[in-house]
>>> print(open('final.tsv').read())   # TSV, C-alpha atoms and all ligand atoms
chain	number	residue	atom	x	y	z
A	1	MET	CA	-1.01	33.97	48.65
A	2	SER	CA	-4.70	33.17	48.15
A	3	ALA	CA	-6.07	29.92	46.77
A	4	GLY	CA	-6.07	29.75	42.98
A	5	TYR	CA	-9.73	28.82	42.77
A	6	LEU	CA	-10.81	32.26	44.10
A	7	ARG	CA	-9.72	33.86	40.85
A	8	ARG	CA	-11.48	31.17	38.85
A	9	PHE	CA	-14.58	31.77	40.97
A	10	SER	CA	-14.56	35.53	40.31
A	11	GLU	CA	-14.02	34.89	36.58
A	12	GLY	CA	-17.06	32.59	36.50
A	13	VAL	CA	-14.84	29.68	35.41
A	14	LEU	CA	-15.67	27.50	38.45
A	15	ASP	CA	-19.38	27.46	37.67
A	16	LYS	CA	-18.72	26.98	33.97
A	17	GLN	CA	-16.42	23.99	34.55
A	18	ALA	CA	-18.87	22.46	37.04
A	19	LYS	CA	-21.61	22.59	34.40
A	20	ILE	CA	-19.40	21.12	31.68
A	21	LEU	CA	-18.30	18.30	34.00
A	22	ALA	CA	-21.91	17.61	35.00
A	23	GLY	CA	-22.71	17.35	31.29
A	24	ILE	CA	-19.94	14.78	30.86
A	25	THR	CA	-21.66	12.51	33.42
A	26	LYS	CA	-24.53	12.08	30.94
A	27	LYS	CA	-22.21	9.89	28.90
A	28	CYS	CA	-19.67	9.45	31.63
A	29	ALA	CA	-16.03	9.91	30.73
A	30	LEU	CA	-14.85	11.53	33.93
A	31	CYS	CA	-12.13	8.90	34.19
A	32	PRO	CA	-10.24	6.61	31.77
A	33	ARG	CA	-12.88	3.87	32.11
A	34	GLU	CA	-15.19	5.94	29.88
A	35	CYS	CA	-18.24	3.90	30.89
A	36	GLY	CA	-20.46	6.06	28.65
A	37	ILE	CA	-23.54	5.63	30.86
A	38	ASP	CA	-25.91	8.41	31.91
A	39	ARG	CA	-25.35	8.97	35.61
A	40	THR	CA	-27.96	11.73	35.72
A	41	ARG	CA	-30.59	9.05	34.98
A	42	GLY	CA	-29.36	6.85	37.80
A	43	GLU	CA	-27.23	4.57	35.61
A	44	ARG	CA	-24.07	3.26	37.23
A	45	GLY	CA	-20.73	2.47	35.65
A	46	PHE	CA	-17.63	0.88	37.16
A	47	CYS	CA	-17.60	3.30	40.12
A	48	ARG	CA	-21.26	2.46	40.91
A	49	LEU	CA	-22.05	6.13	41.50
A	50	THR	CA	-24.98	8.07	40.13
A	51	ASP	CA	-24.49	11.81	39.75
A	52	LYS	CA	-24.75	12.34	43.55
A	53	ILE	CA	-21.83	12.71	45.95
A	54	ILE	CA	-21.27	10.01	48.56
A	55	MET	CA	-19.07	11.31	51.35
A	56	SER	CA	-17.58	9.14	54.06
A	57	HIS	CA	-15.86	11.57	56.42
A	58	ALA	CA	-14.74	15.21	56.60
A	59	LEU	CA	-12.15	15.74	59.32
A	60	PRO	CA	-8.74	17.19	60.22
A	61	HIS	CA	-6.15	14.62	59.12
A	62	TYR	CA	-2.70	14.56	60.71
A	63	GLY	CA	-1.15	11.70	58.76
A	64	GLU	CA	-0.31	13.25	55.40
A	65	GLU	CA	3.15	14.54	54.47
A	66	PRO	CA	4.18	17.28	56.99
A	67	PRO	CA	3.62	20.29	54.67
A	68	VAL	CA	0.10	19.01	53.93
A	69	SER	CA	-0.97	18.11	57.48
A	70	GLY	CA	0.99	20.82	59.31
A	71	LYS	CA	0.11	21.24	62.99
A	72	CYS	CA	-3.62	21.76	62.51
A	73	GLY	CA	-4.28	18.97	60.03
A	74	ALA	CA	-5.31	18.72	56.43
A	75	GLY	CA	-9.02	19.35	55.99
A	76	THR	CA	-9.65	15.95	54.49
A	77	ILE	CA	-12.84	14.92	52.76
A	78	PHE	CA	-13.03	11.20	52.03
A	79	PHE	CA	-15.33	10.36	49.15
A	80	SER	CA	-16.79	6.90	48.76
A	81	SER	CA	-16.16	4.60	45.80
A	82	CYS	CA	-13.15	4.75	43.51
A	83	ASN	CA	-12.66	4.53	39.78
A	84	LEU	CA	-9.62	2.25	40.18
A	85	ARG	CA	-10.27	-0.06	43.18
A	86	CYS	CA	-6.87	-1.71	43.79
A	87	ILE	CA	-7.28	-5.14	45.36
A	88	TYR	CA	-5.12	-4.15	48.36
A	89	CYS	CA	-6.66	-0.71	49.04
A	90	GLN	CA	-6.10	0.40	52.66
A	91	ASN	CA	-9.33	2.45	52.44
A	92	TYR	CA	-11.28	-0.57	51.18
A	93	ARG	CA	-14.24	0.05	53.47
A	94	ILE	CA	-15.10	3.18	51.52
A	95	SER	CA	-13.44	2.54	48.15
A	96	HIS	CA	-14.75	-1.01	47.68
A	97	GLY	CA	-17.62	-0.95	50.15
A	98	MET	CA	-19.13	2.47	49.30
A	99	MET	CA	-19.60	3.28	52.98
A	100	GLY	CA	-20.82	6.86	53.37
A	101	ARG	CA	-23.84	9.07	52.93
A	102	SER	CA	-25.25	10.99	50.03
A	103	VAL	CA	-24.69	14.74	50.37
A	104	ASP	CA	-25.70	17.59	48.09
A	105	PRO	CA	-23.28	20.35	47.01
A	106	SER	CA	-24.54	22.77	49.67
A	107	GLU	CA	-23.81	20.23	52.42
A	108	LEU	CA	-20.38	19.56	50.96
A	109	SER	CA	-19.76	23.29	50.80
A	110	ARG	CA	-20.63	23.61	54.53
A	111	ALA	CA	-18.25	20.74	55.32
A	112	MET	CA	-15.45	22.64	53.54
A	113	LEU	CA	-16.19	25.81	55.49
A	114	GLU	CA	-16.29	23.93	58.79
A	115	LEU	CA	-12.87	22.43	58.12
A	116	GLN	CA	-11.55	25.95	57.47
A	117	GLU	CA	-13.19	27.25	60.66
A	118	ASN	CA	-11.53	24.40	62.57
A	119	GLY	CA	-8.13	25.72	61.48
A	120	CYS	CA	-7.25	23.11	58.85
A	121	HIS	CA	-4.54	24.17	56.44
A	122	ASN	CA	-6.33	23.12	53.27
A	123	ILE	CA	-9.27	21.25	51.80
A	124	GLU	CA	-7.97	17.83	50.78
A	125	LEU	CA	-10.22	15.87	48.43
A	126	VAL	CA	-9.50	12.13	48.64
A	127	SER	CA	-10.57	10.09	45.58
A	128	PRO	CA	-12.47	13.02	44.05
A	129	THR	CA	-12.32	11.86	40.41
A	130	PRO	CA	-15.87	10.46	39.96
A	131	HIS	CA	-17.34	13.26	42.13
A	132	ILE	CA	-15.53	16.21	40.59
A	133	HIS	CA	-18.57	17.81	38.93
A	134	CYS	CA	-20.35	18.15	42.31
A	135	VAL	CA	-17.14	19.14	44.07
A	136	LEU	CA	-16.73	22.19	41.83
A	137	GLU	CA	-20.35	23.16	42.43
A	138	ALA	CA	-19.76	22.90	46.19
A	139	LEU	CA	-16.50	24.81	45.91
A	140	SER	CA	-18.25	27.65	44.16
A	141	LEU	CA	-20.85	27.87	46.95
A	142	ALA	CA	-18.09	27.79	49.56
A	143	CYS	CA	-16.16	30.57	47.77
A	144	ALA	CA	-19.22	32.79	48.02
A	145	ASP	CA	-19.21	32.14	51.78
A	146	GLY	CA	-15.51	32.87	52.33
A	147	LEU	CA	-13.52	29.71	51.65
A	148	HIS	CA	-9.93	30.67	50.94
A	149	ILE	CA	-7.55	27.84	52.00
A	150	PRO	CA	-5.72	25.81	49.31
A	151	LEU	CA	-7.42	22.94	47.51
A	152	VAL	CA	-5.61	19.58	47.45
A	153	TYR	CA	-6.46	16.94	44.86
A	154	ASN	CA	-5.47	13.50	46.24
A	155	CYS	CA	-6.08	10.89	43.54
A	156	SER	CA	-5.00	7.44	42.34
A	157	GLY	CA	-3.37	8.75	39.18
A	158	TYR	CA	-5.88	6.82	37.06
A	159	ASP	CA	-7.30	10.06	35.70
A	160	ASN	CA	-8.34	11.44	32.36
A	161	PRO	CA	-5.80	14.13	31.36
A	162	ASP	CA	-8.56	16.11	29.61
A	163	ILE	CA	-10.48	16.32	32.90
A	164	ILE	CA	-7.33	17.31	34.80
A	165	GLU	CA	-6.83	20.07	32.24
A	166	MET	CA	-10.22	21.50	33.22
A	167	LEU	CA	-8.96	21.94	36.80
A	168	ASP	CA	-6.28	24.40	35.74
A	169	GLY	CA	-6.16	27.29	38.20
A	170	ILE	CA	-8.66	25.55	40.50
A	171	VAL	CA	-6.49	22.95	42.23
A	172	ASP	CA	-3.60	24.40	44.25
A	173	ILE	CA	-1.82	21.21	45.29
A	174	TYR	CA	-1.86	17.88	43.51
A	175	LEU	CA	-1.21	14.70	45.48
A	176	PRO	CA	-1.40	11.97	42.83
A	177	ASP	CA	-0.28	8.40	43.25
A	178	PHE	CA	2.00	6.91	40.64
A	179	LYS	CA	1.39	3.29	41.54
A	180	TYR	CA	2.70	1.23	38.66
A	181	GLY	CA	5.57	1.37	36.23
A	182	THR	CA	4.27	-1.47	34.06
A	183	ASP	CA	0.84	-2.37	32.72
A	184	LYS	CA	1.43	-5.94	33.88
A	185	ASP	CA	1.53	-4.77	37.50
A	186	SER	CA	-1.44	-2.44	37.06
A	187	PHE	CA	-3.41	-5.36	35.66
A	188	ILE	CA	-2.45	-7.75	38.46
A	189	PHE	CA	-3.20	-5.32	41.27
A	190	SER	CA	-5.85	-2.99	39.83
A	191	GLY	CA	-7.30	-4.80	36.82
A	192	VAL	CA	-6.43	-2.12	34.24
A	193	MET	CA	-3.98	-2.36	31.35
A	194	ASP	CA	-3.59	1.36	30.70
A	195	TYR	CA	-2.66	2.85	34.08
A	196	VAL	CA	0.86	3.93	33.16
A	197	SER	CA	-0.07	6.09	30.17
A	198	TYR	CA	-3.06	7.71	31.90
A	199	ALA	CA	-1.15	8.38	35.12
A	200	LEU	CA	1.82	9.85	33.29
A	201	GLY	CA	-0.42	11.92	31.04
A	202	SER	CA	-2.36	13.25	34.02
A	203	ILE	CA	0.74	13.99	36.08
A	204	LYS	CA	2.21	15.92	33.14
A	205	LYS	CA	-0.93	18.08	33.06
A	206	MET	CA	-0.73	18.62	36.83
A	207	VAL	CA	2.92	19.69	36.62
A	208	GLY	CA	2.02	21.97	33.72
A	209	GLN	CA	-0.47	23.74	36.00
A	210	VAL	CA	1.32	23.97	39.35
A	211	GLY	CA	4.98	23.32	38.47
A	212	ASP	CA	7.28	20.51	39.56
A	213	ALA	CA	7.92	21.77	43.09
A	214	LEU	CA	6.05	22.41	46.32
A	215	GLU	CA	5.75	26.03	47.44
A	216	THR	CA	5.38	26.45	51.19
A	217	GLU	CA	4.73	29.29	53.63
A	218	ASN	CA	6.01	28.67	57.16
A	219	GLY	CA	6.36	25.00	56.27
A	220	ILE	CA	2.78	24.65	55.03
A	221	ALA	CA	2.08	23.73	51.39
A	222	ARG	CA	0.45	26.49	49.34
A	223	ARG	CA	0.89	25.30	45.77
A	224	GLY	CA	2.58	22.50	43.86
A	225	ILE	CA	2.71	18.73	43.78
A	226	ILE	CA	3.90	15.67	45.68
A	227	ILE	CA	3.83	12.40	43.74
A	228	ARG	CA	3.20	9.39	45.97
A	229	HIS	CA	4.31	5.80	45.50
A	230	LEU	CA	3.39	2.94	47.83
A	231	VAL	CA	5.99	0.18	47.75
A	232	LEU	CA	4.25	-3.19	47.44
A	233	PRO	CA	5.67	-6.49	48.74
A	234	GLY	CA	7.61	-8.50	46.18
A	235	SER	CA	7.33	-5.62	43.70
A	236	VAL	CA	10.58	-3.68	43.93
A	237	THR	CA	11.02	-3.90	40.15
A	238	ASN	CA	7.71	-2.10	39.72
A	239	SER	CA	8.84	0.67	42.07
A	240	LEU	CA	12.16	1.12	40.30
A	241	ARG	CA	10.35	1.40	36.96
A	242	VAL	CA	8.07	4.07	38.46
A	243	LEU	CA	11.12	6.10	39.45
A	244	ASP	CA	12.72	5.64	36.02
A	245	LEU	CA	9.55	6.91	34.34
A	246	LEU	CA	9.30	9.92	36.64
A	247	LYS	CA	12.89	10.85	35.89
A	248	GLU	CA	12.39	10.32	32.16
A	249	HIS	CA	9.02	12.09	31.74
A	250	ILE	CA	8.61	14.50	34.68
A	251	SER	CA	11.78	15.58	36.55
A	252	THR	CA	14.00	14.73	39.47
A	253	THR	CA	13.17	18.01	41.19
A	254	VAL	CA	9.55	17.01	41.63
A	255	PRO	CA	8.85	16.07	45.29
A	256	ILE	CA	8.09	12.38	45.69
A	257	SER	CA	6.76	10.47	48.68
A	258	ILE	CA	7.89	6.86	48.93
A	259	MET	CA	5.56	5.08	51.30
A	260	ALA	CA	6.40	2.03	53.41
A	261	GLN	CA	3.01	1.69	55.07
A	262	TYR	CA	1.57	-1.17	53.02
A	263	GLU	CA	-0.37	-3.61	55.17
A	264	PRO	CA	-2.50	-6.56	53.96
A	265	ILE	CA	-6.24	-6.06	54.23
A	266	PRO	CA	-8.43	-9.11	55.03
A	267	SER	CA	-9.16	-9.95	51.37
A	268	VAL	CA	-5.48	-10.37	50.42
A	269	THR	CA	-4.10	-12.27	53.41
A	270	THR	CA	-3.66	-15.36	51.20
A	271	HIS	CA	-2.43	-13.49	48.10
A	272	PRO	CA	1.02	-14.82	47.07
A	273	LEU	CA	2.56	-11.32	47.01
A	274	LEU	CA	0.27	-9.06	48.97
A	275	CYS	CA	-0.05	-11.23	52.09
A	276	ARG	CA	2.77	-9.52	54.00
A	277	LYS	CA	4.25	-6.12	54.78
A	278	ILE	CA	7.29	-4.97	52.85
A	279	THR	CA	10.75	-5.69	54.21
A	280	ASN	CA	13.28	-3.05	55.21
A	281	LEU	CA	15.48	-4.25	52.35
A	282	GLU	CA	12.69	-3.72	49.80
A	283	TYR	CA	12.02	-0.21	51.06
A	284	GLU	CA	15.67	0.79	51.29
A	285	THR	CA	16.33	-0.53	47.79
A	286	VAL	CA	13.62	1.75	46.40
A	287	VAL	CA	14.67	4.82	48.41
A	288	ASN	CA	18.35	4.34	47.57
A	289	TYR	CA	17.49	4.00	43.89
A	290	ALA	CA	15.56	7.30	44.02
A	291	VAL	CA	18.55	8.98	45.66
A	292	ASP	CA	20.91	7.50	43.05
A	293	LEU	CA	18.67	8.74	40.22
A	294	GLY	CA	19.03	12.25	41.63
A	295	PHE	CA	15.59	12.92	43.11
A	296	GLU	CA	16.04	15.97	45.30
A	297	TYR	CA	12.99	15.95	47.59
A	298	ILE	CA	11.92	12.57	48.91
A	299	PHE	CA	9.45	12.05	51.74
A	300	ILE	CA	10.38	8.79	53.44
A	301	GLN	CA	8.84	6.69	56.21
A	302	ASP	CA	10.22	4.45	58.94
A	303	SER	CA	9.86	0.95	57.48
A	304	ASN	CA	10.81	-0.59	60.84
A	305	ASP	CA	7.61	0.53	62.49
A	306	ASP	CA	5.07	-2.26	62.73
A	307	ARG	CA	2.08	-0.19	63.83
A	308	THR	CA	-0.97	-0.28	61.65
A	309	LEU	CA	-2.00	2.59	59.40
A	310	ILE	CA	-5.21	1.05	58.10
A	311	PRO	CA	-8.02	3.47	58.98
A	312	ASP	CA	-11.28	2.17	60.36
A	313	PHE	CA	-14.01	4.02	58.50
A	314	GLU	CA	-16.68	2.46	60.68
A	315	ARG	CA	-15.64	4.88	63.43
A	316	ASN	CA	-16.51	8.58	63.58
A	317	ASP	CA	-12.79	9.28	63.60
A	318	PRO	CA	-11.26	6.55	61.40
A	319	PHE	CA	-7.74	7.56	62.44
A	320	ALA	CA	-8.29	7.74	66.21
A	321	TRP	CA	-6.36	4.52	66.77
A	322	VAL	CA	-3.61	5.22	64.24
A	323	ASN	CA	-0.24	6.38	65.52
A	324	PHE	CA	1.14	8.90	63.06
A	325	SER	CA	4.70	8.80	64.37
A	326	ILE	CA	5.55	6.88	61.19
A	327	THR	CA	4.42	9.66	58.84
A	328	SER	CA	6.83	10.82	56.20
A	329	GLN	CA	9.90	12.97	56.78
A	330	LEU	CA	11.64	14.91	54.05
A	331	HIS	CA	15.00	13.66	52.82
A	332	GLU	CA	16.64	16.47	50.83
A	333	LYS	CA	19.57	16.05	48.49
A	334	THR	CA	22.66	17.68	49.96
A	401	LIG	S1	-16.38	8.16	36.79
A	401	LIG	FE1	-17.43	6.17	37.13
A	401	LIG	S2	-19.04	6.06	35.57
A	401	LIG	FE2	-17.63	7.71	34.98
A	401	LIG	S3	-16.19	6.78	33.56
A	401	LIG	FE3	-15.27	6.65	35.60
A	401	LIG	S4	-15.89	4.67	36.48
A	401	LIG	FE4	-17.21	5.10	34.71
>>> encode(input="final.tsv", output="structure tokens", more="lines below")
Ligand code: SF4
Amino acid sequence: MSAGYLRRFSEGVLDKQAKILAGITKKCALCPRECGIDRTRGERGFCRLTDKIIMSHALPHYGEEPPVSGKCGAGTIFFSSCNLRCIYCQNYRISHGMMGRSVDPSELSRAMLELQENGCHNIELVSPTPHIHCVLEALSLACADGLHIPLVYNCSGYDNPDIIEMLDGIVDIYLPDFKYGTDKDSFIFSGVMDYVSYALGSIKKMVGQVGDALETENGIARRGIIIRHLVLPGSVTNSLRVLDLLKEHISTTVPISIMAQYEPIPSVTTHPLLCRKITNLEYETVVNYAVDLGFEYIFIQDSNDDRTLIPDFERNDPFAWVNFSITSQLHEKT
């Protein structure tokens, strides 16, 4: 099975979509914030990006769900900035701090090809939403030079469904977060009142493109979706609502990844809720609820493990000190 974007490349759709998306940055509406500024003239909206890519790292990543990381790693490209910027973000050094360097599409294309040459199973774009116009341009260049591994779109869920629609046939595997089940929680933790509707709308588009399952070959993801949810301390009700909404609007066959790895970053150590890790009881309550609702494929983590998973993006390898023995394992309905 070859990556979906190769067909789109040969049809000329990749280049066409890249141009349309670049046009949208002139009155930017790449994400739900719809800042309306002209990024091509150097104006900056909420994400503080002009129309150039800022890349933090491109490296094999062994800490994603097993079908995504496999043995050889996901070929992960971390982009700087974020259009959501949750106050507890574990990647805060690049999402809040904009750490990284400006690269042009040809350099990004070479980074993709290098990850493939290094044996990575896919190209995983992390927080690609505000960069997507340049990413498609880079992808097109990489296709011409032989890129063929699947493309993974790892996003916050705060996406514009119309933009997601434009990625039809280009993205092979979606890895969206579904962070909040209520707008009250999305406002408290991420400062937006419309997360739920945009995330659900975008996830529906993703499922419409790649289905509500994860296709694998020899255990490695080739096409499909995994919906991620990070359990936050003192917020079990939010997590249960997320699961209710997924059951109601998506399906219970869709693979979900319930993450226990929350850890307070320096800026929230005095926050009344976010100042601590989650408890085993909180995590088990959420996982058991998912099982009771009938979810069939659930990636779960060991909530007893107290090792850190916060990457240090000031290092060449931000994950060198992270022990991935707590990465997710699949719990399948019997
Ligand atoms: S991508 Fe950035 S500039 Fe564009 S709408 Fe979103 S936050 Fe605003």
>>> atom_distance(input="final.tsv", atom1="atom CA of A:Thr253", atom2="atom CA of A:Asp212")
6.6 Å
>>> residues_around(input="final.tsv", residues="A:Gly75", least_positions_apart="2", cutoff="8 Å", atoms="only C-alpha atoms", output="PyMOL selection string")
chain A and resi 58-61+73+77+112+115-116+120-124
>>> atom_distance(input="final.tsv", atom1="atom CA of A:Met193", atom2="atom CA of A:Cys31")
14.2 Å
>>> closest_residue(input="final.tsv", among="A:Ser106, A:Gln17, A:Thr129, A:Thr40", to="ligand LIG 401 (chain A)", atoms="all atoms listed in the file")
A:Thr129
>>> atom_distance(input="final.tsv", atom1="atom CA of A:Leu108", atom2="atom CA of A:Ala138")
5.9 Å
>>> residues_near_ligand(input="final.tsv", ligand="ligand LIG 401 (chain A)", cutoff="10 Å", atoms="all atoms listed in the file", output="mmCIF file with C-alpha atoms, in the frame of the given file")
data_model
loop_
_atom_site.group_PDB
_atom_site.id
_atom_site.type_symbol
_atom_site.label_atom_id
_atom_site.label_comp_id
_atom_site.auth_asym_id
_atom_site.auth_seq_id
_atom_site.Cartn_x
_atom_site.Cartn_y
_atom_site.Cartn_z
ATOM 1 C CA ILE A 24 -19.940 14.780 30.860
ATOM 2 C CA THR A 25 -21.660 12.510 33.420
ATOM 3 C CA LYS A 26 -24.530 12.080 30.940
ATOM 4 C CA LYS A 27 -22.210 9.890 28.900
ATOM 5 C CA CYS A 28 -19.670 9.450 31.630
ATOM 6 C CA ALA A 29 -16.030 9.910 30.730
ATOM 7 C CA LEU A 30 -14.850 11.530 33.930
ATOM 8 C CA CYS A 31 -12.130 8.900 34.190
ATOM 9 C CA PRO A 32 -10.240 6.610 31.770
ATOM 10 C CA ARG A 33 -12.880 3.870 32.110
ATOM 11 C CA GLU A 34 -15.190 5.940 29.880
ATOM 12 C CA CYS A 35 -18.240 3.900 30.890
ATOM 13 C CA GLY A 36 -20.460 6.060 28.650
ATOM 14 C CA ILE A 37 -23.540 5.630 30.860
ATOM 15 C CA ASP A 38 -25.910 8.410 31.910
ATOM 16 C CA ARG A 39 -25.350 8.970 35.610
ATOM 17 C CA GLU A 43 -27.230 4.570 35.610
ATOM 18 C CA ARG A 44 -24.070 3.260 37.230
ATOM 19 C CA GLY A 45 -20.730 2.470 35.650
ATOM 20 C CA PHE A 46 -17.630 0.880 37.160
ATOM 21 C CA CYS A 47 -17.600 3.300 40.120
ATOM 22 C CA ARG A 48 -21.260 2.460 40.910
ATOM 23 C CA LEU A 49 -22.050 6.130 41.500
ATOM 24 C CA THR A 50 -24.980 8.070 40.130
ATOM 25 C CA ASP A 51 -24.490 11.810 39.750
ATOM 26 C CA SER A 81 -16.160 4.600 45.800
ATOM 27 C CA CYS A 82 -13.150 4.750 43.510
ATOM 28 C CA ASN A 83 -12.660 4.530 39.780
ATOM 29 C CA LEU A 84 -9.620 2.250 40.180
ATOM 30 C CA ARG A 85 -10.270 -0.060 43.180
ATOM 31 C CA PRO A 128 -12.470 13.020 44.050
ATOM 32 C CA THR A 129 -12.320 11.860 40.410
ATOM 33 C CA PRO A 130 -15.870 10.460 39.960
ATOM 34 C CA HIS A 131 -17.340 13.260 42.130
ATOM 35 C CA ILE A 132 -15.530 16.210 40.590
ATOM 36 C CA TYR A 158 -5.880 6.820 37.060
ATOM 37 C CA ASP A 159 -7.300 10.060 35.700
ATOM 38 C CA ASN A 160 -8.340 11.440 32.360
#
>>> closest_residue(input="final.tsv", among="A:Ser140, A:Gln301, A:Asn238, A:Asn91", to="A:Glu65", atoms="only C-alpha atoms")
A:Gln301
>>> closest_residue(input="final.tsv", among="A:Ile173, A:Leu214, A:Leu274, A:Leu167", to="A:Gly234", atoms="only C-alpha atoms")
A:Leu274
>>> closest_residue(input="final.tsv", among="A:His96, A:Ser109, A:Val210, A:Arg222", to="A:Ser69", atoms="all atoms listed in the file")
A:Arg222
>>> closest_residue(input="final.tsv", among="A:Asp172, A:Asp244, A:Glu107, A:Asp15", to="A:Glu137", atoms="only C-alpha atoms")
A:Asp15
>>> closest_residue(input="final.tsv", among="A:Pro266, A:Pro161, A:Gly42, A:Gly70", to="A:Tyr88", atoms="all atoms listed in the file")
A:Pro266
>>> residues_around(input="final.tsv", residues="A:Phe187", least_positions_apart="4", cutoff="12 Å", atoms="only C-alpha atoms", output="tab-separated table (two decimals) with C-alpha atoms, in the coordinates of the input")
chain	number	residue	atom	x	y	z
A	84	LEU	CA	-9.62	2.25	40.18
A	85	ARG	CA	-10.27	-0.06	43.18
A	86	CYS	CA	-6.87	-1.71	43.79
A	87	ILE	CA	-7.28	-5.14	45.36
A	179	LYS	CA	1.39	3.29	41.54
A	180	TYR	CA	2.70	1.23	38.66
A	181	GLY	CA	5.57	1.37	36.23
A	182	THR	CA	4.27	-1.47	34.06
A	183	ASP	CA	0.84	-2.37	32.72
A	191	GLY	CA	-7.30	-4.80	36.82
A	192	VAL	CA	-6.43	-2.12	34.24
A	193	MET	CA	-3.98	-2.36	31.35
A	194	ASP	CA	-3.59	1.36	30.70
A	195	TYR	CA	-2.66	2.85	34.08
A	196	VAL	CA	0.86	3.93	33.16
>>> residues_around(input="final.tsv", residues="A:Phe78", least_positions_apart="4", cutoff="10 Å", atoms="only C-alpha atoms", output="ChimeraX atom specification")
/A:54-59,91,94-95,100,124-128,154,313
>>> residues_around(input="final.tsv", residues="stretch 225-231 of chain A", least_positions_apart="3", cutoff="9 Å", atoms="only C-alpha atoms", output="number ranges by chain")
A: 65, 172-180, 203, 206-207, 210-215, 234-236, 238-239, 242, 254-262, 278, 282-283, 286, 299
>>> decode(input="final.tsv", residues="stretch 266-283 of chain A", atoms="N, CA and C atoms", output="compact mmCIF listing (two decimals), in the first residue's frame")
# COMPACT_ATOMS: atom_id res chain seq x y z
N PRO A 266 6.54 24.23 34.57
CA PRO A 266 6.84 25.25 35.59
C PRO A 266 5.75 26.31 35.76
N SER A 267 5.10 26.72 34.69
CA SER A 267 4.13 27.82 34.80
C SER A 267 2.82 27.43 35.49
N VAL A 268 2.57 26.15 35.73
CA VAL A 268 1.30 25.77 36.37
C VAL A 268 1.51 25.07 37.72
N THR A 269 2.69 25.18 38.28
CA THR A 269 2.95 24.46 39.54
C THR A 269 2.12 25.00 40.71
N THR A 270 1.55 26.21 40.55
CA THR A 270 0.68 26.73 41.62
C THR A 270 -0.79 26.77 41.17
N HIS A 271 -1.08 26.23 40.00
CA HIS A 271 -2.48 26.21 39.52
C HIS A 271 -3.29 25.28 40.43
N PRO A 272 -4.52 25.67 40.80
CA PRO A 272 -5.29 24.84 41.74
C PRO A 272 -5.58 23.42 41.23
N LEU A 273 -5.72 23.24 39.92
CA LEU A 273 -5.98 21.89 39.39
C LEU A 273 -4.74 21.27 38.76
N LEU A 274 -4.01 22.07 38.03
CA LEU A 274 -2.95 21.52 37.16
C LEU A 274 -1.61 21.32 37.87
N CYS A 275 -1.57 21.55 39.18
CA CYS A 275 -0.30 21.54 39.90
C CYS A 275 0.20 20.13 40.22
N ARG A 276 -0.54 19.11 39.87
CA ARG A 276 -0.14 17.74 40.24
C ARG A 276 -0.37 16.78 39.07
N LYS A 277 0.21 15.59 39.20
CA LYS A 277 -0.08 14.53 38.23
C LYS A 277 -1.49 13.98 38.51
N ILE A 278 -1.99 13.17 37.60
CA ILE A 278 -3.29 12.56 37.87
C ILE A 278 -3.09 11.36 38.81
N THR A 279 -4.15 10.98 39.48
CA THR A 279 -4.07 9.81 40.36
C THR A 279 -4.44 8.55 39.57
N ASN A 280 -4.07 7.41 40.13
CA ASN A 280 -4.46 6.14 39.50
C ASN A 280 -5.97 6.04 39.40
N LEU A 281 -6.66 6.51 40.47
CA LEU A 281 -8.12 6.41 40.48
C LEU A 281 -8.72 7.24 39.35
N GLU A 282 -8.19 8.45 39.14
CA GLU A 282 -8.71 9.29 38.05
C GLU A 282 -8.54 8.57 36.71
N TYR A 283 -7.35 8.03 36.49
CA TYR A 283 -7.08 7.38 35.20
C TYR A 283 -7.96 6.14 35.01
